[in-house]
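Text of the file final-v9.cif, holding mmCIF, C-alpha atoms:
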data_final
#
loop_
_atom_site.label_atom_id
_atom_site.label_comp_id
_atom_site.auth_asym_id
_atom_site.auth_seq_id
_atom_site.Cartn_x
_atom_site.Cartn_y
_atom_site.Cartn_z
CA MET A 143 -27.73 23.91 -0.20
CA SER A 144 -24.21 22.99 -1.31
CA ASN A 145 -23.27 21.75 -4.77
CA THR A 146 -22.17 18.40 -3.37
CA ASN A 147 -23.57 15.10 -2.19
CA ILE A 148 -22.06 15.61 1.25
CA ARG A 149 -24.86 15.63 3.82
CA THR A 150 -22.94 14.84 7.04
CA ILE A 151 -19.38 15.69 8.01
CA GLY A 152 -17.39 14.54 11.01
CA ILE A 153 -14.86 16.69 12.87
CA LEU A 154 -12.14 15.46 15.22
CA THR A 155 -9.08 16.93 16.93
CA GLY A 156 -5.96 14.86 17.59
CA GLY A 157 -2.62 15.27 19.33
CA GLY A 158 -1.85 18.13 21.70
CA ASP A 159 -4.43 20.83 22.35
CA VAL A 160 -3.74 24.37 21.15
CA PRO A 161 -5.59 27.69 21.22
CA GLY A 162 -7.58 28.07 18.03
CA LEU A 163 -9.18 24.62 17.86
CA ASN A 164 -12.53 25.72 19.26
CA PRO A 165 -12.86 28.74 16.92
CA CYS A 166 -12.08 26.42 14.01
CA ILE A 167 -14.73 23.93 15.14
CA LYS A 168 -17.30 26.69 15.58
CA GLN A 169 -16.69 28.19 12.15
CA LEU A 170 -16.89 24.76 10.52
CA VAL A 171 -20.25 24.11 12.22
CA VAL A 172 -21.73 27.52 11.44
CA ARG A 173 -20.70 27.46 7.78
CA ALA A 174 -21.76 23.83 7.33
CA SER A 175 -25.20 24.54 8.80
CA GLN A 176 -25.65 27.36 6.29
CA LEU A 177 -25.23 24.78 3.54
CA GLY A 178 -27.64 22.34 5.18
CA ILE A 179 -24.83 19.97 6.17
CA ARG A 180 -25.13 18.05 9.45
CA VAL A 181 -22.05 17.94 11.70
CA LEU A 182 -20.96 15.20 14.09
CA GLY A 183 -18.11 15.84 16.51
CA ILE A 184 -15.91 12.81 17.17
CA ARG A 185 -14.64 12.91 20.73
CA ARG A 186 -11.04 12.03 21.73
CA GLY A 187 -9.55 12.17 18.25
CA TRP A 188 -8.95 8.88 16.47
CA ALA A 189 -9.71 7.07 19.73
CA GLY A 190 -13.37 7.97 19.28
CA LEU A 191 -13.56 6.11 15.96
CA LEU A 192 -11.49 3.20 17.29
CA GLU A 193 -13.48 2.68 20.49
CA TYR A 194 -16.95 3.22 19.01
CA SER A 195 -18.82 -0.04 18.44
CA PRO A 196 -21.67 -0.23 15.88
CA ASP A 197 -23.02 -3.16 17.89
CA THR A 198 -23.62 -0.99 20.96
CA PRO A 199 -24.77 2.36 19.51
CA GLU A 200 -26.22 3.39 22.86
CA ALA A 201 -22.62 3.85 24.00
CA GLY A 202 -22.01 6.18 21.07
CA THR A 203 -22.81 9.31 23.07
CA GLU A 204 -19.42 8.92 24.72
CA PHE A 205 -17.65 9.15 21.37
CA VAL A 206 -19.99 11.11 19.08
CA ARG A 207 -21.49 14.53 19.70
CA PRO A 208 -23.90 16.29 17.29
CA LEU A 209 -22.80 19.87 16.73
CA ASP A 210 -24.96 22.82 15.70
CA PRO A 211 -24.68 26.61 15.89
CA SER A 212 -26.48 26.74 19.24
CA ASN A 213 -24.15 24.37 21.11
CA VAL A 214 -20.95 25.88 19.71
CA ARG A 215 -22.05 29.50 20.11
CA THR A 216 -19.49 30.50 22.77
CA ILE A 217 -16.68 27.97 22.35
CA ASP A 218 -14.48 30.33 20.31
CA ARG A 219 -13.80 32.34 23.45
CA SER A 220 -11.71 29.61 25.06
CA GLY A 221 -8.67 27.51 24.28
CA GLY A 222 -8.35 23.75 24.10
CA THR A 223 -10.87 21.58 22.29
CA ILE A 224 -14.44 20.78 23.30
CA LEU A 225 -14.08 17.49 21.43
CA HIS A 226 -11.13 16.41 23.59
CA THR A 227 -8.14 14.69 22.05
CA SER A 228 -5.81 11.70 22.10
CA ARG A 229 -2.66 10.38 20.43
CA THR A 230 -4.31 7.20 19.20
CA ASN A 231 -3.14 5.67 15.92
CA PRO A 232 -5.77 3.19 14.65
CA SER A 233 -3.30 1.67 12.19
CA ALA A 234 -0.97 0.46 14.96
CA VAL A 235 -2.90 -0.49 18.11
CA THR A 236 -1.41 -2.46 20.99
CA TYR A 237 -3.40 -5.10 22.84
CA LYS A 238 -3.53 -3.02 26.02
CA ASP A 239 -4.79 0.07 24.14
CA ALA A 240 -7.49 -1.76 22.20
CA PRO A 241 -11.09 -1.64 23.46
CA ALA A 242 -12.23 -4.95 24.97
CA PHE A 243 -14.53 -5.80 22.05
CA LEU A 244 -11.56 -5.68 19.64
CA GLN A 245 -9.04 -7.63 21.68
CA ASP A 246 -10.11 -10.92 20.08
CA SER A 247 -8.55 -9.58 16.88
CA PHE A 248 -5.05 -10.09 18.31
CA ALA A 249 -3.60 -13.43 17.23
CA ASP A 250 -0.43 -12.37 19.04
CA PRO A 251 -0.94 -9.87 21.92
CA SER A 252 2.69 -8.76 21.60
CA LYS A 253 2.10 -7.37 18.11
CA LYS A 254 0.17 -4.31 16.96
CA VAL A 255 -2.97 -4.58 14.84
CA ASP A 256 -4.20 -2.27 12.06
CA PHE A 257 -7.86 -1.32 12.72
CA THR A 258 -8.29 1.00 9.73
CA ALA A 259 -11.10 -1.23 8.39
CA HIS A 260 -12.93 -0.89 11.71
CA VAL A 261 -12.66 2.92 11.54
CA LEU A 262 -14.03 2.93 8.00
CA LYS A 263 -16.90 0.70 9.11
CA ASN A 264 -17.73 3.14 11.91
CA LEU A 265 -17.65 6.15 9.58
CA THR A 266 -20.13 4.39 7.31
CA HIS A 267 -22.32 3.33 10.24
CA LEU A 268 -22.44 6.92 11.52
CA GLY A 269 -23.44 8.19 8.09
CA ILE A 270 -20.40 10.45 7.81
CA ASP A 271 -19.76 11.39 4.18
CA LEU A 272 -16.55 13.37 4.75
CA LEU A 273 -14.16 13.71 7.70
CA VAL A 274 -12.35 16.87 8.81
CA PRO A 275 -9.42 15.91 11.09
CA ILE A 276 -7.57 18.79 12.76
CA GLY A 277 -4.09 17.90 13.93
CA GLY A 278 -0.35 17.71 13.43
CA ASP A 279 1.73 15.41 11.27
CA ASP A 280 0.86 12.31 13.32
CA THR A 281 -2.89 12.90 13.30
CA LEU A 282 -2.86 13.86 9.63
CA SER A 283 -0.80 10.80 8.67
CA PHE A 284 -3.81 8.62 9.50
CA ALA A 285 -6.05 11.08 7.67
CA ALA A 286 -3.88 10.45 4.60
CA ARG A 287 -4.32 6.72 5.17
CA LEU A 288 -8.12 7.09 5.10
CA HIS A 289 -7.82 9.13 1.91
CA GLN A 290 -5.71 6.35 0.38
CA GLU A 291 -8.45 3.90 1.33
CA GLY A 292 -10.93 6.02 -0.64
CA PHE A 293 -12.67 7.87 2.19
CA PRO A 294 -13.22 11.64 1.63
CA VAL A 295 -11.01 13.74 3.91
CA ILE A 296 -10.12 17.42 4.19
CA ALA A 297 -7.35 17.99 6.74
CA ILE A 298 -6.57 21.10 8.80
CA PRO A 299 -2.99 21.53 10.17
CA LYS A 300 -2.68 22.24 13.86
CA THR A 301 0.41 22.24 16.05
CA MET A 302 2.08 24.82 18.25
CA ASP A 303 5.41 23.52 16.87
CA ASN A 304 4.43 24.75 13.37
CA ASP A 305 6.15 21.73 11.84
CA VAL A 306 3.60 20.25 9.41
CA ILE A 307 5.22 20.01 5.98
CA GLY A 308 3.58 21.96 3.17
CA THR A 309 2.10 24.87 5.10
CA ASP A 310 3.74 28.04 6.38
CA TYR A 311 1.44 28.05 9.38
CA CYS A 312 -0.32 25.67 11.76
CA ILE A 313 -3.09 26.66 14.19
CA GLY A 314 -1.63 27.33 17.64
CA PHE A 315 1.82 28.60 16.73
CA SER A 316 1.28 32.33 17.13
CA THR A 317 -0.31 32.01 20.56
CA ALA A 318 2.49 29.70 21.73
CA VAL A 319 5.12 32.22 20.64
CA THR A 320 3.17 35.15 22.14
CA ARG A 321 2.87 33.33 25.47
CA SER A 322 6.57 32.46 25.42
CA VAL A 323 7.72 36.00 24.66
CA ASN A 324 5.54 37.38 27.46
CA PHE A 325 6.83 34.85 29.99
CA ILE A 326 10.45 35.41 28.96
CA HIS A 327 10.07 39.14 29.49
CA ALA A 328 8.30 38.58 32.82
CA LEU A 329 11.17 36.38 33.98
CA ARG A 330 13.64 39.21 33.43
CA THR A 331 12.57 40.89 36.67
CA SER A 332 13.56 37.92 38.84
CA SER A 333 16.64 37.17 36.76
CA GLY A 334 17.85 40.75 37.08
CA SER A 335 16.96 41.06 40.76
CA HIS A 336 19.08 38.01 41.60
CA GLU A 337 21.72 38.57 38.88
CA ARG A 338 21.27 35.06 37.53
CA ILE A 339 21.33 33.18 34.25
CA ALA A 340 17.80 32.21 33.22
CA VAL A 341 17.21 29.01 31.24
CA VAL A 342 13.76 28.76 29.62
CA GLU A 343 12.82 25.41 28.09
CA LEU A 344 10.13 25.40 25.42
CA PHE A 345 7.98 22.76 23.77
CA GLY A 346 8.73 22.12 20.10
CA ARG A 347 9.45 18.41 19.69
CA TYR A 348 12.08 17.85 17.01
CA CYS A 349 11.68 21.29 15.42
CA GLY A 350 13.39 24.28 17.03
CA GLU A 351 11.12 26.94 15.58
CA THR A 352 9.34 27.83 18.83
CA SER A 353 12.66 28.42 20.59
CA LEU A 354 14.12 30.23 17.57
CA VAL A 355 11.20 32.61 17.03
CA SER A 356 10.41 33.16 20.72
CA GLY A 357 14.05 33.83 21.56
CA TYR A 358 14.41 36.10 18.53
CA LEU A 359 11.34 38.18 19.37
CA ALA A 360 12.11 38.34 23.09
CA GLY A 361 15.73 39.31 22.52
CA ALA A 362 17.17 36.34 24.41
CA ASP A 363 20.96 36.36 24.67
CA ARG A 364 21.35 32.81 23.38
CA VAL A 365 18.91 30.44 21.69
CA LEU A 366 19.29 26.67 21.42
CA ILE A 367 17.35 24.72 18.81
CA SER A 368 16.77 21.03 18.11
CA GLU A 369 18.62 21.10 14.80
CA VAL A 370 22.05 22.16 16.14
CA PRO A 371 23.81 20.31 19.00
CA PHE A 372 25.52 22.75 21.36
CA ASP A 373 28.88 22.77 23.13
CA ILE A 374 28.13 23.31 26.82
CA ASP A 375 31.54 24.84 27.61
CA ARG A 376 31.26 27.40 24.81
CA LEU A 377 27.65 28.15 25.74
CA ALA A 378 28.63 28.75 29.37
CA ARG A 379 31.37 31.18 28.33
CA PHE A 380 28.93 33.07 26.10
CA LEU A 381 26.41 33.40 28.92
CA VAL A 382 29.03 34.63 31.38
CA ASP A 383 30.01 37.32 28.87
CA ASP A 384 26.34 38.17 28.21
CA ARG A 385 25.69 38.56 31.92
CA ARG A 386 28.75 40.74 32.38
CA ALA A 387 27.69 43.02 29.52
CA ASN A 388 24.20 43.48 30.94
CA PRO A 389 23.87 46.44 33.37
CA SER A 390 21.41 44.34 35.40
CA ARG A 391 23.87 41.43 35.48
CA TYR A 392 21.70 38.65 34.10
CA ALA A 393 21.51 36.60 30.91
CA MET A 394 18.62 34.86 29.17
CA LEU A 395 18.73 31.52 27.32
CA THR A 396 15.91 29.71 25.51
CA ILE A 397 16.24 26.01 24.73
CA SER A 398 14.06 23.69 22.69
CA GLU A 399 12.96 20.47 24.37
CA GLY A 400 14.52 18.58 21.45
CA ALA A 401 17.96 20.20 21.81
CA SER A 402 21.03 18.15 22.64
CA MET A 403 24.66 18.66 23.63
CA VAL A 404 27.46 17.83 21.21
CA GLY A 405 28.07 14.12 21.49
CA GLY A 406 24.88 13.62 23.50
CA ASP A 407 21.32 12.61 22.82
CA MET A 408 17.93 14.21 23.21
CA VAL A 409 16.43 13.77 26.67
CA LEU A 410 13.59 11.26 26.29
CA ARG A 411 11.33 9.62 28.84
CA GLY A 412 8.43 7.20 29.09
CA GLU A 413 7.18 4.69 26.57
CA ALA A 414 6.67 5.48 22.90
CA ASP A 415 3.17 6.62 21.95
CA ALA A 416 1.05 5.08 19.18
CA PHE A 417 3.06 6.98 16.56
CA GLY A 418 6.42 5.83 17.95
CA HIS A 419 7.34 9.03 19.80
CA ARG A 420 8.65 9.13 23.36
CA LYS A 421 8.12 12.26 25.45
CA LEU A 422 10.76 14.96 25.21
CA GLY A 423 11.70 17.37 27.97
CA GLY A 424 14.40 17.75 30.58
CA ILE A 425 17.32 19.07 28.53
CA GLY A 426 16.71 22.49 30.05
CA ALA A 427 17.24 21.20 33.59
CA VAL A 428 20.35 19.26 32.53
CA THR A 429 21.75 22.33 30.79
CA ALA A 430 20.95 24.65 33.69
CA GLU A 431 22.76 22.36 36.14
CA ALA A 432 25.77 22.09 33.82
CA ILE A 433 25.97 25.89 33.44
CA LYS A 434 25.81 26.32 37.21
CA LYS A 435 28.61 23.81 37.69
CA LEU A 436 30.80 25.40 35.02
CA THR A 437 30.27 29.04 36.01
CA GLY A 438 29.46 28.95 39.71
CA LEU A 439 26.65 31.43 39.03
CA GLY A 440 23.07 31.30 40.19
CA ILE A 441 20.55 29.84 37.74
CA ILE A 442 16.81 30.24 37.23
CA PHE A 443 15.37 27.29 35.33
CA GLN A 444 11.84 27.73 33.99
CA PRO A 445 10.09 25.20 31.73
CA LEU A 446 7.09 26.81 30.03
CA PHE A 447 5.65 23.71 28.34
CA TYR A 448 1.84 23.54 28.75
CA LEU A 449 1.60 27.26 29.53
CA MET A 450 2.54 27.83 25.88
CA ARG A 451 -0.54 25.99 24.62
CA SER A 452 -3.09 26.93 27.29
CA GLY A 453 -5.70 29.67 27.39
CA SER A 454 -7.52 31.57 24.67
CA PRO A 455 -6.04 32.14 21.18
CA ASP A 456 -4.49 35.39 20.04
CA SER A 457 -5.94 37.30 17.08
CA LEU A 458 -3.69 35.61 14.50
CA ASP A 459 -4.71 32.13 15.60
CA LEU A 460 -8.35 33.23 15.53
CA MET A 461 -7.89 34.55 12.00
CA VAL A 462 -6.15 31.46 10.64
CA ALA A 463 -8.38 28.95 12.45
CA MET A 464 -11.56 30.58 11.17
CA ASN A 465 -10.26 30.96 7.62
CA TYR A 466 -9.01 27.37 7.49
CA ALA A 467 -12.57 26.42 8.44
CA ASN A 468 -14.00 28.72 5.75
CA LEU A 469 -11.71 27.23 3.10
CA THR A 470 -12.62 23.71 4.20
CA ILE A 471 -16.32 24.40 3.73
CA GLU A 472 -15.62 26.04 0.36
CA LEU A 473 -13.83 22.87 -0.77
CA ILE A 474 -16.70 20.69 0.46
CA GLY A 475 -19.15 22.87 -1.46
CA GLN A 476 -17.03 22.35 -4.58
CA GLY A 477 -17.15 18.59 -4.13
CA GLN A 478 -13.44 18.33 -3.34
CA SER A 479 -11.64 16.03 -0.90
CA GLY A 480 -8.17 14.59 -0.39
CA ARG A 481 -6.87 18.04 0.51
CA MET A 482 -5.08 19.80 3.37
CA VAL A 483 -5.84 23.50 3.78
CA ALA A 484 -2.70 25.58 4.14
CA LEU A 485 -0.99 28.94 4.03
CA VAL A 486 1.71 29.14 1.37
CA GLN A 487 3.63 32.40 0.95
CA GLY A 488 0.93 34.15 2.97
CA ARG A 489 -2.01 32.96 0.83
CA TYR A 490 -4.71 30.45 1.72
CA THR A 491 -4.67 27.39 -0.50
CA ALA A 492 -5.43 23.67 -0.54
CA LEU A 493 -2.71 21.06 -1.07
CA ARG A 494 -3.21 17.53 -2.32
CA LEU A 495 -2.73 14.99 0.45
CA ASP A 496 -1.11 12.71 -2.13
CA ASP A 497 1.61 15.30 -2.71
CA LEU A 498 2.55 15.77 0.94
CA LYS A 499 5.50 13.84 2.27
CA GLY A 500 5.54 12.42 5.76
CA GLY A 501 7.61 13.79 8.60
CA ALA A 502 7.91 17.30 9.96
CA LYS A 503 9.57 20.61 9.08
CA ARG A 504 12.90 21.67 10.51
CA VAL A 505 14.49 25.09 11.02
CA ASP A 506 16.45 26.33 8.00
CA VAL A 507 19.72 26.71 9.89
CA GLU A 508 21.59 28.10 6.88
CA SER A 509 19.18 31.05 6.60
CA LEU A 510 18.02 31.68 10.14
CA TYR A 511 20.59 30.59 12.72
CA ASP A 512 24.16 31.32 13.74
CA ALA A 513 25.33 27.85 14.78
CA GLU A 514 28.59 29.21 16.20
CA ALA A 515 27.12 31.94 18.39
CA TYR A 516 23.84 30.11 19.21
CA ARG A 517 21.69 33.03 18.09
CA PRO A 518 18.98 33.68 15.51
CA ILE A 519 20.27 35.59 12.52
CA ILE A 520 18.00 36.63 9.70
CA ARG A 521 20.37 36.67 6.75
CA LYS A 522 17.70 37.70 4.25
CA ALA A 523 14.20 39.02 4.96
CA GLU A 524 13.16 40.13 1.48
CA GLY A 525 10.74 37.65 -0.09
CA MET A 526 10.50 35.50 3.04
CA PRO A 527 7.08 34.43 4.43
CA MET A 528 5.80 36.04 7.61
CA PHE A 529 7.31 33.39 9.89
CA LEU A 530 10.50 33.29 7.82
CA TYR A 531 10.20 29.79 6.28
#
Serialized structure, structure tokens:
Amino acid sequence: MSNTNIRTIGILTGGGDVPGLNPCIKQLVVRASQLGIRVLGIRRGWAGLLEYSPDTPEAGTEFVRPLDPSNVRTIDRSGGTILHTSRTNPSAVTYKDAPAFLQDSFADPSKKVDFTAHVLKNLTHLGIDLLVPIGGDDTLSFAARLHQEGFPVIAIPKTMDNDVIGTDYCIGFSTAVTRSVNFIHALRTSSGSHERIAVVELFGRYCGETSLVSGYLAGADRVLISEVPFDIDRLARFLVDDRRANPSRYAMLTISEGASMVGGDMVLRGEADAFGHRKLGGIGAVTAEAIKKLTGLGIIFQPLFYLMRSGSPDSLDLMVAMNYANLTIELIGQGQSGRMVALVQGRYTALRLDDLKGGAKRVDVESLYDAEAYRPIIRKAEGMPMFLY
């Protein structure tokens, strides 16, 4: 048995799916069972705890799933999350997103309501002593809220954008970069055959790290990131020169979904989600059309998007996901909570949730990017972490 009073833990996954979530869940369950700790999986992220009603527990099977070593035995072989996910924020719920049994709580249907107290009530009703949320900065911001309310939490950072502050690495990043590099190289055959300029748009939200690292590793001619607006005329001239210098007469450009032209804005669409974010995506198509118009050359536009986060995890994401789970169980056994597991300078550690600031990481342009040539440039490698910042 563990040296703690924790008898039941809950696990949930929030935000976008990434490879590595299922291995993390499995390792958490296996290690917890070895300590005699029961595990409940909360389905659909924070939505599961928002939509669960203690007054109708028979409906709980839709939102709560007991987990044990036998029913997670093979899940580490696949991507995604068996617990499903959502972008629900229980501290800011709209009338239309609230379950019917909570809609009477809205004095004004045009305003959002904070249902944190309801979530805490459900955690108590389910007998959960400690919660392990796995997610990005949005998901973990509500985890920090629960911690502030006095509920035990140990958070695990997950996002293919690798933009959670405090940790060098988030589950999902390596696989996303590996996928992107492979697809960029595969696209070279068509680009070269038709002597075109290829524009590859990548997920990454407001952080350009996926475009920076993928473009760097794949040897893309030019790389556009969210942190540096680009001049479309200068970019077009660069790409024409790159194509001319290539014996196969093609050029390759990666662009982050959060990139923007000088004097322009990010391309956004749809309504804001529960955390205030609208969907990004489309700057690649706009840029490809502008390059075609300016150069008169043929263009291949390829958004990778969900292909970056689909399928099984690579070995690095397996390693980190499983060790984040191991560290989480170690902390539980020590009676700790209010922590986020992390990698800092290549070493596993646990950071205090109280010490973590909100928001997300950004690319260190001064150290890693040539803002004039639109290319990665590693000005100093000595002493840098594996993923450079």
Worksheet item: If you count all atoms listed in the file, which residues fall within 12 Å of Leu510 in chain A, apart from same-chain ones fewer than 5 positions away, as a ChimeraX atom specification?
Response: /A:350-351,354-355,358,365,367,369-370,504-505,516-523,526,529-531
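Atom to atom, CA of Tyr348 in chain A and CA of Lys300 in chain A stand 15.7 Å apart.
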Discussion item. List the spatial neighbours of Ala340 in chain A as a ChimeraX atom specification - criterion: any atom at most 9 Å away, only C-alpha atoms, same-chain residues fewer than 3 positions off excluded.
Written reply: /A:329-330,333,392-396,430,440-444
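We find CA of Val483 in chain A and CA of Ser233 in chain A to be spaced 23.5 Å apart.
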Item to complete: Name the residues that the PyMOL selection byres ((chain A and resi 470) around 12) pulls out of this structure, and write them as number ranges by chain.
Response: A: 151, 153, 166-167, 169-171, 173-174, 272-276, 295-299, 462-469, 471-484, 490-493
Practice prompt. Apply the PyMOL selection byres ((chain A and resi 243-255) around 12) to the structure shown and report the selected residues as a PyMOL selection string.
Written response: chain A and resi 192-198+231-242+256-261+416-418
Worksheet entry | Nearby residues (all atoms listed in the file) at most 7 Å from range 212-225 of chain A, same-chain spacing under 2 positions excluded, as a ChimeraX atom specification | /A:154-155,159-165,168,183-186,209-210,227,452-455
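Selecting by distance to (29.0, 26.0, 27.7) with a limit of 10 Å and using all atoms listed in the file, one obtains Phe372, Asp373, Ile374, Asp375, Arg376, Leu377, Ala378, Arg379, Phe380, Leu381, Val382, Met403, Thr429, Ala432, Ile433, Leu436 and Thr437 of chain A.
Nearest residue to Met408 in chain A, choosing from A:Asp506, A:Val428, A:Ser457, A:Leu177 and counting only C-alpha atoms: A:Val428.
Nearest residue to Val206 in chain A among A:Ile270, A:Arg386, A:Lys499, A:Ala513 is A:Ile270, counting only C-alpha atoms.
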Worksheet entry | Explicit residues for the PyMOL selection byres ((chain A and resi 399-402) around 7) (as a ChimeraX atom specification) | /A:343-348,366-368,371-372,397-398,403-404,406-408,422-425
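Minimum atom-to-atom distances from A:Ala515, A:Cys349, A:Leu262, A:Ile307 to Ala285 in chain A were compared using all atoms listed in the file, and the lowest value belongs to A:Leu262.
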